[in-house]
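Colleague: Structure file my_file.cif (mmCIF, C-alpha atoms) right here:
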```
data_work
#
loop_
_atom_site.label_atom_id
_atom_site.label_comp_id
_atom_site.auth_asym_id
_atom_site.auth_seq_id
_atom_site.Cartn_x
_atom_site.Cartn_y
_atom_site.Cartn_z
CA MET A 1 80.79 110.21 -145.75
CA ARG A 2 81.01 106.87 -143.96
CA LEU A 3 82.59 108.52 -140.90
CA TRP A 4 79.84 111.17 -140.89
CA THR A 5 77.16 108.44 -141.15
CA MET A 6 78.69 106.45 -138.31
CA ALA A 7 78.92 109.58 -136.16
CA MET A 8 75.27 110.38 -136.79
CA LEU A 9 74.31 106.78 -136.02
CA ALA A 10 76.24 106.92 -132.75
CA LEU A 11 74.53 110.19 -131.86
CA LEU A 12 71.10 108.75 -132.58
CA LEU A 13 71.85 105.60 -130.62
CA GLY A 14 73.11 107.70 -127.73
CA THR A 15 69.93 109.77 -127.82
CA ASN A 16 67.80 106.63 -127.84
CA VAL A 17 69.71 105.19 -124.89
CA ALA A 18 69.21 108.42 -122.93
CA GLN A 19 65.52 108.38 -123.73
CA ALA A 20 65.26 104.75 -122.64
CA GLN A 21 66.99 105.61 -119.39
CA ASP A 22 64.49 108.42 -118.81
CA CYS A 23 61.69 105.82 -118.88
CA THR A 24 63.00 104.22 -115.72
CA LEU A 25 60.77 104.87 -112.71
CA LYS A 26 62.54 106.74 -109.94
CA GLN A 27 61.16 105.78 -106.55
CA TYR A 28 61.35 108.35 -103.75
CA THR A 29 60.15 106.20 -100.88
CA SER A 30 58.10 103.17 -99.90
CA VAL A 31 55.97 103.31 -96.75
CA PRO A 32 54.35 100.30 -95.04
CA MET A 33 50.60 100.81 -95.19
CA GLU A 34 48.02 99.29 -92.85
CA VAL A 35 44.99 98.26 -94.91
CA TYR A 36 41.67 98.02 -93.06
CA PRO A 37 38.14 97.50 -94.44
CA ASP A 38 37.33 101.21 -94.11
CA HIS A 39 40.64 103.10 -93.90
CA LEU A 40 44.38 103.15 -94.65
CA LEU A 41 47.01 104.14 -92.08
CA LEU A 42 50.54 105.45 -92.66
CA PRO A 43 53.34 105.65 -90.07
CA VAL A 44 54.94 109.10 -89.80
CA THR A 45 57.10 111.06 -87.42
CA LEU A 46 55.95 114.58 -86.52
CA GLY A 47 59.09 116.28 -85.27
CA THR A 48 60.31 113.55 -82.92
CA MET A 49 56.90 112.01 -82.17
CA PRO A 50 56.02 108.71 -83.93
CA ALA A 51 52.39 108.70 -85.01
CA LYS A 52 49.96 107.41 -87.62
CA LEU A 53 47.97 109.37 -90.17
CA LEU A 54 44.93 108.23 -92.11
CA PHE A 55 45.25 108.65 -95.89
CA GLN A 56 42.28 110.60 -97.31
CA MET A 57 42.13 110.16 -101.09
CA GLY A 58 38.81 112.01 -101.04
CA ALA A 59 40.12 115.21 -99.40
CA ALA A 60 42.70 117.81 -100.35
CA ALA A 61 43.95 119.25 -97.07
CA ASN A 62 45.68 117.52 -94.17
CA GLY A 63 44.12 117.46 -90.70
CA ILE A 64 45.41 117.01 -87.15
CA ASN A 65 43.73 116.62 -83.76
CA SER A 66 43.83 120.05 -82.13
CA ASP A 67 44.91 118.56 -78.80
CA VAL A 68 47.88 116.90 -80.53
CA ALA A 69 48.82 120.16 -82.24
CA GLU A 70 48.81 121.95 -78.89
CA LYS A 71 50.80 119.15 -77.26
CA LEU A 72 53.47 119.49 -79.97
CA ASP A 73 53.44 123.27 -79.43
CA LEU A 74 52.90 123.88 -83.14
CA HIS A 75 52.51 127.33 -84.62
CA ILE A 76 48.76 127.88 -85.04
CA SER A 77 47.14 130.45 -87.34
CA SER A 78 43.60 131.51 -88.12
CA ILE A 79 42.08 130.70 -91.49
CA PRO A 80 41.11 133.89 -93.37
CA PRO A 81 37.44 134.77 -92.78
CA ASN A 82 36.63 134.59 -96.52
CA VAL A 83 37.73 130.92 -96.62
CA HIS A 84 35.17 128.41 -95.35
CA ILE A 85 36.27 124.83 -94.72
CA ASN A 86 33.86 122.27 -93.31
CA ARG A 87 34.75 118.86 -91.93
CA GLU A 88 32.00 116.49 -90.78
CA GLY A 89 29.59 119.34 -90.15
CA ASN A 90 32.11 121.45 -88.23
CA GLU A 91 33.68 124.62 -89.63
CA ILE A 92 37.47 124.65 -89.40
CA THR A 93 38.82 128.03 -88.30
CA ARG A 94 42.51 127.33 -87.58
CA PHE A 95 45.44 125.46 -89.06
CA ALA A 96 48.74 124.31 -87.59
CA ARG A 97 52.15 124.25 -89.21
CA VAL A 98 54.36 121.17 -88.69
CA PRO A 99 58.02 122.18 -89.20
CA GLU A 100 59.14 118.67 -90.13
CA MET A 101 57.37 115.41 -90.92
CA ARG A 102 59.05 112.13 -91.79
CA LEU A 103 57.19 109.87 -94.26
CA GLY A 104 59.17 106.77 -95.07
CA GLY A 105 62.56 107.92 -96.34
CA GLN A 106 61.36 111.44 -97.10
CA THR A 107 61.46 114.48 -94.82
CA LEU A 108 58.73 117.01 -95.56
CA LYS A 109 59.12 120.57 -94.34
CA ASP A 110 56.62 123.19 -93.22
CA MET A 111 53.45 121.10 -93.51
CA GLU A 112 50.03 122.68 -92.97
CA PHE A 113 47.26 120.78 -91.13
CA LEU A 114 43.68 121.83 -90.49
CA MET A 115 42.89 121.86 -86.77
CA LEU A 116 40.32 119.11 -86.16
CA ARG A 117 38.31 118.72 -82.97
CA PRO A 118 40.20 117.29 -79.96
CA GLY A 119 40.35 113.51 -80.03
CA ARG A 120 38.94 113.26 -83.56
CA TYR A 121 41.25 110.28 -84.07
CA GLY A 122 42.55 107.88 -81.43
CA ASP A 123 44.68 104.74 -80.88
CA GLY A 124 47.86 106.42 -82.07
CA VAL A 125 46.19 108.05 -85.08
CA VAL A 126 46.59 111.83 -84.79
CA GLY A 127 45.26 113.12 -88.11
CA ASP A 128 45.04 112.57 -91.85
CA LEU A 129 46.89 113.26 -95.09
CA GLY A 130 45.06 114.73 -98.10
CA THR A 131 45.88 114.62 -101.79
CA HIS A 132 47.41 118.09 -102.23
CA LEU A 133 50.59 116.71 -100.66
CA PHE A 134 51.01 114.39 -103.66
CA GLU A 135 50.27 116.79 -106.52
CA HIS A 136 53.88 116.83 -107.73
CA VAL A 137 54.74 113.16 -107.28
CA ASP A 138 53.30 109.89 -108.56
CA LEU A 139 51.46 107.75 -106.02
CA GLU A 140 51.16 103.97 -105.98
CA LEU A 141 48.77 102.11 -103.67
CA ASP A 142 49.69 98.43 -103.42
CA MET A 143 46.72 97.14 -101.45
CA ALA A 144 47.70 93.46 -101.41
CA GLY A 145 51.31 94.22 -100.49
CA GLY A 146 50.47 96.95 -97.98
CA LYS A 147 52.78 99.50 -99.62
CA PHE A 148 52.35 103.23 -100.16
CA ASN A 149 54.96 104.23 -102.77
CA LEU A 150 55.98 107.64 -104.10
CA PHE A 151 57.73 108.09 -107.46
CA SER A 152 59.16 110.91 -109.54
CA PRO A 153 56.69 112.10 -112.19
CA ASP A 154 59.54 112.34 -114.72
CA HIS A 155 59.10 109.19 -116.78
CA CYS A 156 57.83 108.14 -120.19
CA PRO A 157 54.03 108.29 -120.54
CA GLY A 158 52.36 104.98 -119.82
CA LYS A 159 55.55 103.30 -118.58
CA VAL A 160 54.56 102.90 -114.94
CA VAL A 161 52.94 99.48 -114.42
CA TYR A 162 56.04 97.54 -113.40
CA TRP A 163 54.43 94.93 -111.12
CA THR A 164 52.69 92.84 -113.80
CA LYS A 165 52.94 91.91 -117.47
CA THR A 166 49.34 90.73 -117.78
CA GLY A 167 47.86 94.08 -118.80
CA PHE A 168 46.29 97.04 -117.03
CA ALA A 169 43.49 99.59 -117.22
CA GLN A 170 44.35 103.20 -118.00
CA LEU A 171 41.77 105.87 -117.09
CA PRO A 172 41.99 109.63 -117.72
CA LEU A 173 41.36 111.62 -114.56
CA LYS A 174 38.62 114.20 -114.45
CA PRO A 175 40.18 117.67 -113.95
CA ASP A 176 38.43 118.43 -110.64
CA ARG A 177 41.32 118.42 -108.21
CA GLU A 178 41.05 121.72 -106.32
CA LEU A 179 39.01 120.06 -103.57
CA GLY A 180 41.17 116.93 -103.61
CA PHE A 181 38.78 114.68 -105.54
CA ILE A 182 40.20 112.06 -107.90
CA ARG A 183 37.52 111.21 -110.47
CA ALA A 184 37.31 108.97 -113.53
CA GLU A 185 34.69 107.26 -115.68
CA VAL A 186 33.89 103.55 -115.37
CA MET A 187 31.08 101.22 -116.44
CA LEU A 188 28.68 99.84 -113.86
CA ASP A 189 26.36 97.14 -115.21
CA GLY A 190 26.76 98.63 -118.68
CA HIS A 191 26.16 102.26 -117.68
CA PRO A 192 28.93 104.89 -117.90
CA ILE A 193 29.22 106.67 -114.55
CA THR A 194 31.68 109.11 -113.03
CA VAL A 195 33.22 107.89 -109.78
CA ALA A 196 35.33 109.54 -107.11
CA PHE A 197 37.98 107.45 -105.37
CA ALA A 198 37.98 107.44 -101.55
CA THR A 199 40.24 105.50 -99.21
CA THR A 200 37.86 105.79 -96.28
CA GLY A 201 34.53 104.08 -95.85
CA HIS A 202 32.41 101.84 -98.04
CA SER A 203 31.70 102.27 -101.74
CA ARG A 204 28.36 104.04 -102.18
CA ILE A 205 25.94 105.33 -104.78
CA GLY A 206 22.96 107.65 -104.30
CA MET A 207 19.33 106.86 -105.05
CA ASN A 208 19.21 109.67 -107.61
CA THR A 209 21.87 107.93 -109.67
CA MET A 210 19.96 104.66 -109.28
CA ARG A 211 16.81 106.39 -110.58
CA GLN A 212 18.67 107.99 -113.49
CA PHE A 213 20.71 105.04 -114.73
CA PHE A 214 19.06 101.89 -113.38
CA ASN A 215 15.38 102.86 -113.08
CA VAL A 216 15.53 101.80 -109.43
CA ASP A 217 14.07 103.59 -106.40
CA GLU A 218 13.34 102.72 -102.77
CA THR A 219 10.36 100.59 -103.83
CA SER A 220 12.48 98.19 -105.90
CA PRO A 221 12.33 94.55 -104.70
CA ASP A 222 16.06 94.21 -105.51
CA LEU A 223 16.98 96.64 -102.73
CA VAL A 224 17.62 95.12 -99.30
CA ALA A 225 17.77 97.54 -96.35
CA VAL A 226 20.88 96.94 -94.22
CA SER A 227 21.41 99.97 -91.93
CA GLN A 228 21.67 103.74 -91.99
CA ASP A 229 24.59 106.15 -92.08
CA LEU A 230 25.55 108.81 -89.55
CA LEU A 231 23.39 111.37 -91.34
CA GLY A 232 20.32 109.15 -91.06
CA HIS A 233 20.23 108.03 -94.70
CA LYS A 234 18.92 104.50 -95.19
CA LEU A 235 21.47 102.13 -96.73
CA TYR A 236 20.62 99.30 -99.08
CA LYS A 237 22.33 96.36 -100.74
CA TYR A 238 21.77 95.99 -104.48
CA PRO A 239 22.88 93.10 -106.73
CA PHE A 240 25.29 94.95 -109.01
CA LYS A 241 26.81 92.49 -111.46
CA VAL A 242 30.00 93.98 -112.83
CA LEU A 243 32.14 97.11 -112.72
CA THR A 244 34.56 97.53 -115.62
CA ALA A 245 37.36 99.99 -116.31
CA GLU A 246 39.08 99.69 -119.70
CA GLY A 247 38.95 95.90 -119.63
CA LEU A 248 39.57 95.47 -115.89
CA THR A 249 36.57 93.69 -114.39
CA ILE A 250 35.30 93.52 -110.80
CA SER A 251 32.45 91.06 -110.39
CA ASN A 252 29.64 91.73 -107.92
CA PRO A 253 31.08 95.07 -106.72
CA ASP A 254 30.17 95.79 -103.11
CA ILE A 255 28.49 99.20 -103.42
CA LEU A 256 25.88 100.41 -100.94
CA VAL A 257 22.92 102.50 -102.11
CA TYR A 258 21.96 105.41 -99.87
CA ASP A 259 18.53 106.99 -99.87
CA GLU A 260 18.19 110.67 -100.75
CA GLU A 261 15.59 113.14 -101.87
CA PRO A 262 15.05 113.49 -105.64
CA ARG A 263 17.08 116.33 -107.11
CA PRO A 264 18.25 117.46 -110.58
CA ALA A 265 21.08 115.58 -112.22
CA CYS A 266 24.56 116.85 -111.41
CA ASN A 267 25.71 119.69 -113.67
CA ASN A 268 29.39 119.50 -114.56
CA ASN A 269 29.24 122.97 -116.12
CA VAL A 270 28.53 124.80 -112.84
CA HIS A 271 31.35 127.14 -111.88
CA PHE A 272 32.10 128.67 -108.49
CA THR A 273 33.78 132.03 -107.96
CA ASP A 274 35.82 132.73 -104.85
CA PRO A 275 34.88 136.10 -103.29
CA ASP A 276 38.56 136.70 -102.76
CA PRO A 277 41.54 134.94 -104.38
CA SER A 278 43.29 134.59 -101.03
CA ILE A 279 43.34 130.94 -99.93
CA LEU A 280 44.80 128.91 -97.13
CA HIS A 281 48.25 127.97 -98.36
CA THR A 282 50.64 130.90 -98.62
CA THR A 283 52.42 129.44 -101.67
CA ALA A 284 49.24 128.47 -103.57
CA GLN A 285 48.32 130.38 -106.70
CA PRO A 286 45.15 132.51 -106.60
CA ARG A 287 42.15 130.94 -108.35
CA LEU A 288 39.07 132.92 -109.31
CA THR A 289 36.93 130.25 -110.96
CA ARG A 290 36.98 126.48 -111.02
CA ASN A 291 34.64 123.72 -112.12
CA PHE A 292 34.47 121.35 -109.17
CA GLY A 293 32.23 118.93 -111.06
CA CYS A 294 30.46 116.02 -109.44
CA GLU A 295 30.32 112.24 -109.36
CA ASP A 296 27.66 109.56 -109.68
CA ALA A 297 29.21 107.21 -107.12
CA ILE A 298 32.14 106.90 -104.72
CA LEU A 299 34.46 103.93 -104.87
CA GLY A 300 35.61 103.23 -101.31
CA LEU A 301 37.74 100.43 -99.95
CA SER A 302 35.08 97.75 -100.51
CA VAL A 303 36.11 98.10 -104.19
CA LEU A 304 39.53 99.79 -104.09
CA SER A 305 40.98 97.10 -101.81
CA LYS A 306 40.66 94.75 -104.81
CA LEU A 307 42.89 96.99 -106.93
CA HIS A 308 46.53 97.96 -107.37
CA MET A 309 46.64 101.66 -108.31
CA TYR A 310 49.18 104.08 -109.75
CA ILE A 311 48.18 107.76 -110.03
CA SER A 312 50.14 110.10 -112.29
CA GLU A 313 49.10 113.74 -111.85
CA LYS A 314 51.50 114.85 -114.58
CA GLU A 315 49.87 112.48 -117.09
CA ASN A 316 46.44 113.10 -115.57
CA MET A 317 46.01 109.34 -115.59
CA ILE A 318 45.27 106.48 -113.19
CA TYR A 319 46.52 102.95 -113.88
CA LEU A 320 44.71 99.95 -112.38
CA THR A 321 45.23 96.21 -112.10
CA ASP A 322 43.86 93.49 -109.89
CA ALA A 323 45.39 93.81 -106.40
CA LYS A 324 47.04 90.39 -106.74
CA ALA A 325 48.36 90.85 -110.28
CA ASN A 326 52.02 89.89 -110.63
#
```
Please, can you express the file's structure as C-alpha cells?
Modeller:
Amino acid sequence: MRLWTMAMLALLLGTNVAQAQDCTLKQYTSVPMEVYPDHLLLPVTLGTMPAKLLFQMGAAANGINSDVAEKLDLHISSIPPNVHINREGNEITRFARVPEMRLGGQTLKDMEFLMLRPGRYGDGVVGDLGTHLFEHVDLELDMAGGKFNLFSPDHCPGKVVYWTKTGFAQLPLKPDRELGFIRAEVMLDGHPITVAFATTGHSRIGMNTMRQFFNVDETSPDLVAVSQDLLGHKLYKYPFKVLTAEGLTISNPDILVYDEEPRPACNNNVHFTDPDPSILHTTAQPRLTRNFGCEDAILGLSVLSKLHMYISEKENMIYLTDAKAN
C-alpha cells in the first residue's frame, strides 16, 4: 500500500511539474519597434529587400505600395468583384503575394498584401501590417522599451505579465475581429465606454458619444477648438479627468473630440450578410454572418504609448500595465 501511495504521489508530482512547465511563456521573436507620436514602425525584409512596415492595430489586412510590389515583381491578383475593400476613400481592387517576409527571427511565407496607391508610404516605409497576421500568436507591445514581441499562445491562462510584479489590468476583448478591430470596455470619467485600439493617429471620441455620455455638444464652454482632420471634421480638446481599466489609471487622457452630425446610438446587434462566402484569403473559412459591432471611442498612441500591452487571442484577453512598470 505504501509503495502504491508513493507511486501515485510521484505521478501527481510529475503531472504538476509538467503543468508548471506548460505555464512558461515561449517567445517566438522580439523585433525592435520605432515608437512615434502617431505610428509604430517595424523592420522587415521582403525577399532580400530591407524595408519598414507600419503596424496597424486598427486594420485586419496588410497593405503595400503598388509601386513597391511592381518593383519586387510580386505575383498580383484581382480581388473578387463581390468583395469590397476601402482604404482612405479608395477602393482596393488588387492584392500582391509576398513569397517570403522576415520579421525578427521569424520567416513568414506566402503573405498577402492589399495593393495601395503608389507612394502611399515613403522614407523607407513600404506598407503596413494588420492584425490578421497575429491571430494565432500572442502579441506584446512594449512601448517604453521599443519592443514588438511574439509568443506562443500555449500557456496557462493569465500567466503572461512577466515584466512587473506590481499588478496589471485584465480586459476581455469584444468578439469583433473579422475587420481587425480590437475592442474592450473601459471607464472614462466614470462612464463605461467601448474603445477600439489603434496604433496610428491620436486618440479620439465623436460628438455623438459626448452627447450621449457627457451631455456635451459643440456649444460647451469646456470644448476648445484646435484644428480639423483630413475629412474636415472640427477637432476639440476636452478636459477628461481619468481613464480607468480594471484598476489601471491614466490621468488626464489626451483624447480629441471630433464634430459629427447627430445620429442614433451604435447598435451592437446589427448583423451583416456577405452576398457570397468567397473572401480574399484562399485559406480563410467562409463566413455568412458576423456582428462587426461598434465603439464609442478610439484609443490611439496619445494613450496607448503610456501602456505596456499583451494581447492573447486564444484567451480573448488583453493585459495592460503602465508603460514603465517593472
Colleague: So that I can see what lies close to Arg204 (chain A), please list as a VMD selection string the residues with an atom at most 6 Å from it, counting all atoms listed in the file and leaving out residues fewer than 5 positions away in the same chain.
Modeller: chain A and resid 255 to 257 297 to 298
Colleague: (38.9, 104.8, -97.8) in this file's frame - what residues fall within 7 Å of it? Use all atoms listed in the file and give the answer as a list in words.
Modeller: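 The requested residues, written out, are Asp38, His39, Leu40, Gln56, Ala198, Thr199, Thr200, Gly201, Gly300 and Leu301 of chain A.
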Colleague: What gap, in Å, lies between CA of Leu72 (chain A) and CA of Leu108 (chain A)?
Modeller: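 CA of Leu108 (chain A) lies at a distance of 16.6 Å from CA of Leu72 (chain A).
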Colleague: For the atom pair CA of Lys52 (chain A) and CA of Val35 (chain A), what is the interatomic distance in Å to one decimal place?
Modeller: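 Value for the CA of Lys52 (chain A)-CA of Val35 (chain A) distance: 12.7 Å.
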Colleague: Can you work out which one of A:Leu139, A:Leu235, A:Val68, A:Leu53 has the shortest atom-to-atom distance to Lys314 (chain A), counting all atoms listed in the file?
Modeller: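 Comparing A:Leu139, A:Leu235, A:Val68, A:Leu53 against Lys314 (chain A), the winner is A:Leu139.
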Colleague: Nearest to Thr209 (chain A) among A:Glu246, A:Asp73, A:Asp67, A:Glu260, with distances taken over all atoms listed in the file: which residue is it?
Modeller: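 Between A:Glu246, A:Asp73, A:Asp67, A:Glu260, the residue approaching Thr209 (chain A) most closely is A:Glu260.
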Colleague: List the spatial neighbours of region 305-312 of chain A as a PyMOL selection string - criterion: any atom at most 7 Å away, all atoms listed in the file, same-chain residues fewer than 3 positions off excluded.
Modeller: chain A and resi 138-143+153+301-302+315-323
Colleague: Using only C-alpha atoms, which residues sit within 8 Å of Met207 (chain A) once same-chain residues fewer than 6 positions away are excluded, as a PyMOL selection string?
Modeller: chain A and resi 216-218+257-262
Colleague: How would you write, as a PyMOL selection string, the residues chosen by the PyMOL selection byres ((chain A and resi 61) around 8) on this structure?
Modeller: chain A and resi 59-60+62-63+113-114+129-133+180
Colleague: At a cut-off of 8 Å, using all atoms listed in the file, what residues contact Leu46 (chain A)? Leave out same-chain residues fewer than 2 positions from it and give the result as a list in words.
Modeller: Val44, Thr48, Met49, Pro50, Ala51, Val98, Glu100, Met101 and Arg102 of chain A
Colleague: Which residue out of A:His155, A:Ala196, A:Lys147, A:Asp110 has the minimum interatomic distance to Lys174 (chain A) when all atoms listed in the file are used?
Modeller: A:Ala196
Colleague: Give me, please, the distance in Å between CA of Val224 (chain A) and CA of Lys237 (chain A), quoted to one decimal.
Modeller: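 Taking CA of Val224 (chain A) and CA of Lys237 (chain A), their separation equals 5.1 Å.
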Colleague: Counting only C-alpha atoms, figure out which residue out of A:Tyr238, A:Asn208, A:Arg97, A:Ile250 gets nearest to Ser220 (chain A).
Modeller: A:Tyr238
Colleague: Please determine, counting only C-alpha atoms, which residue among A:Thr219, A:Ser227, A:Thr249, A:Gln212 has the shortest atom-to-atom distance to Arg263 (chain A).
Modeller: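 Distance minimum relative to Arg263 (chain A) lands on A:Gln212.
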Colleague: Under the PyMOL selection byres ((chain A and resi 244) around 12), which residues of this model are included? Write them out as a VMD selection string.
Modeller: chain A and resid 168 to 171 184 to 193 195 240 to 243 245 to 253 303 320 to 322
Colleague: List, as a list in words, every residue that the PyMOL selection byres ((chain A and resi 32) around 8) selects in the file provided.
Modeller: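 For this structure, the PyMOL selection byres ((chain A and resi 32) around 8) resolves to Ser30, Val31, Met33, Glu34, Leu42, Pro43, Gly146, Lys147 and Phe148 of chain A.
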Colleague: Take the residues just selected and output them with C-alpha atoms as a JSON list (two decimals), in the frame of the given file.
Modeller:
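Done, and the output landed in again.json:
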```
[["chain", "number", "residue", "atom", "x", "y", "z"],
["A", 30, "SER", "CA", 58.10, 103.17, -99.90],
["A", 31, "VAL", "CA", 55.97, 103.31, -96.75],
["A", 33, "MET", "CA", 50.60, 100.81, -95.19],
["A", 34, "GLU", "CA", 48.02, 99.29, -92.85],
["A", 42, "LEU", "CA", 50.54, 105.45, -92.66],
["A", 43, "PRO", "CA", 53.34, 105.65, -90.07],
["A", 146, "GLY", "CA", 50.47, 96.95, -97.98],
["A", 147, "LYS", "CA", 52.78, 99.50, -99.62],
["A", 148, "PHE", "CA", 52.35, 103.23, -100.16]]
```
Colleague: Pick from A:Thr24, A:Gln106, A:Thr29, A:Asn326: nearest to Asp154 (chain A), with all atoms listed in the file counted?
Modeller: A:Thr24
Colleague: Distance cut-off 9 Å, centre (36.8, 121.6, -89.2) in file coordinates, counting all atoms listed in the file: which residues qualify? Return them as a list in words.
Modeller: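 Those within range, by chain then number, are Gly63, Ile85, Asn86, Arg87, Glu88, Gly89, Asn90, Glu91, Ile92, Thr93, Arg94, Leu114, Met115, Leu116 and Arg117 of chain A.
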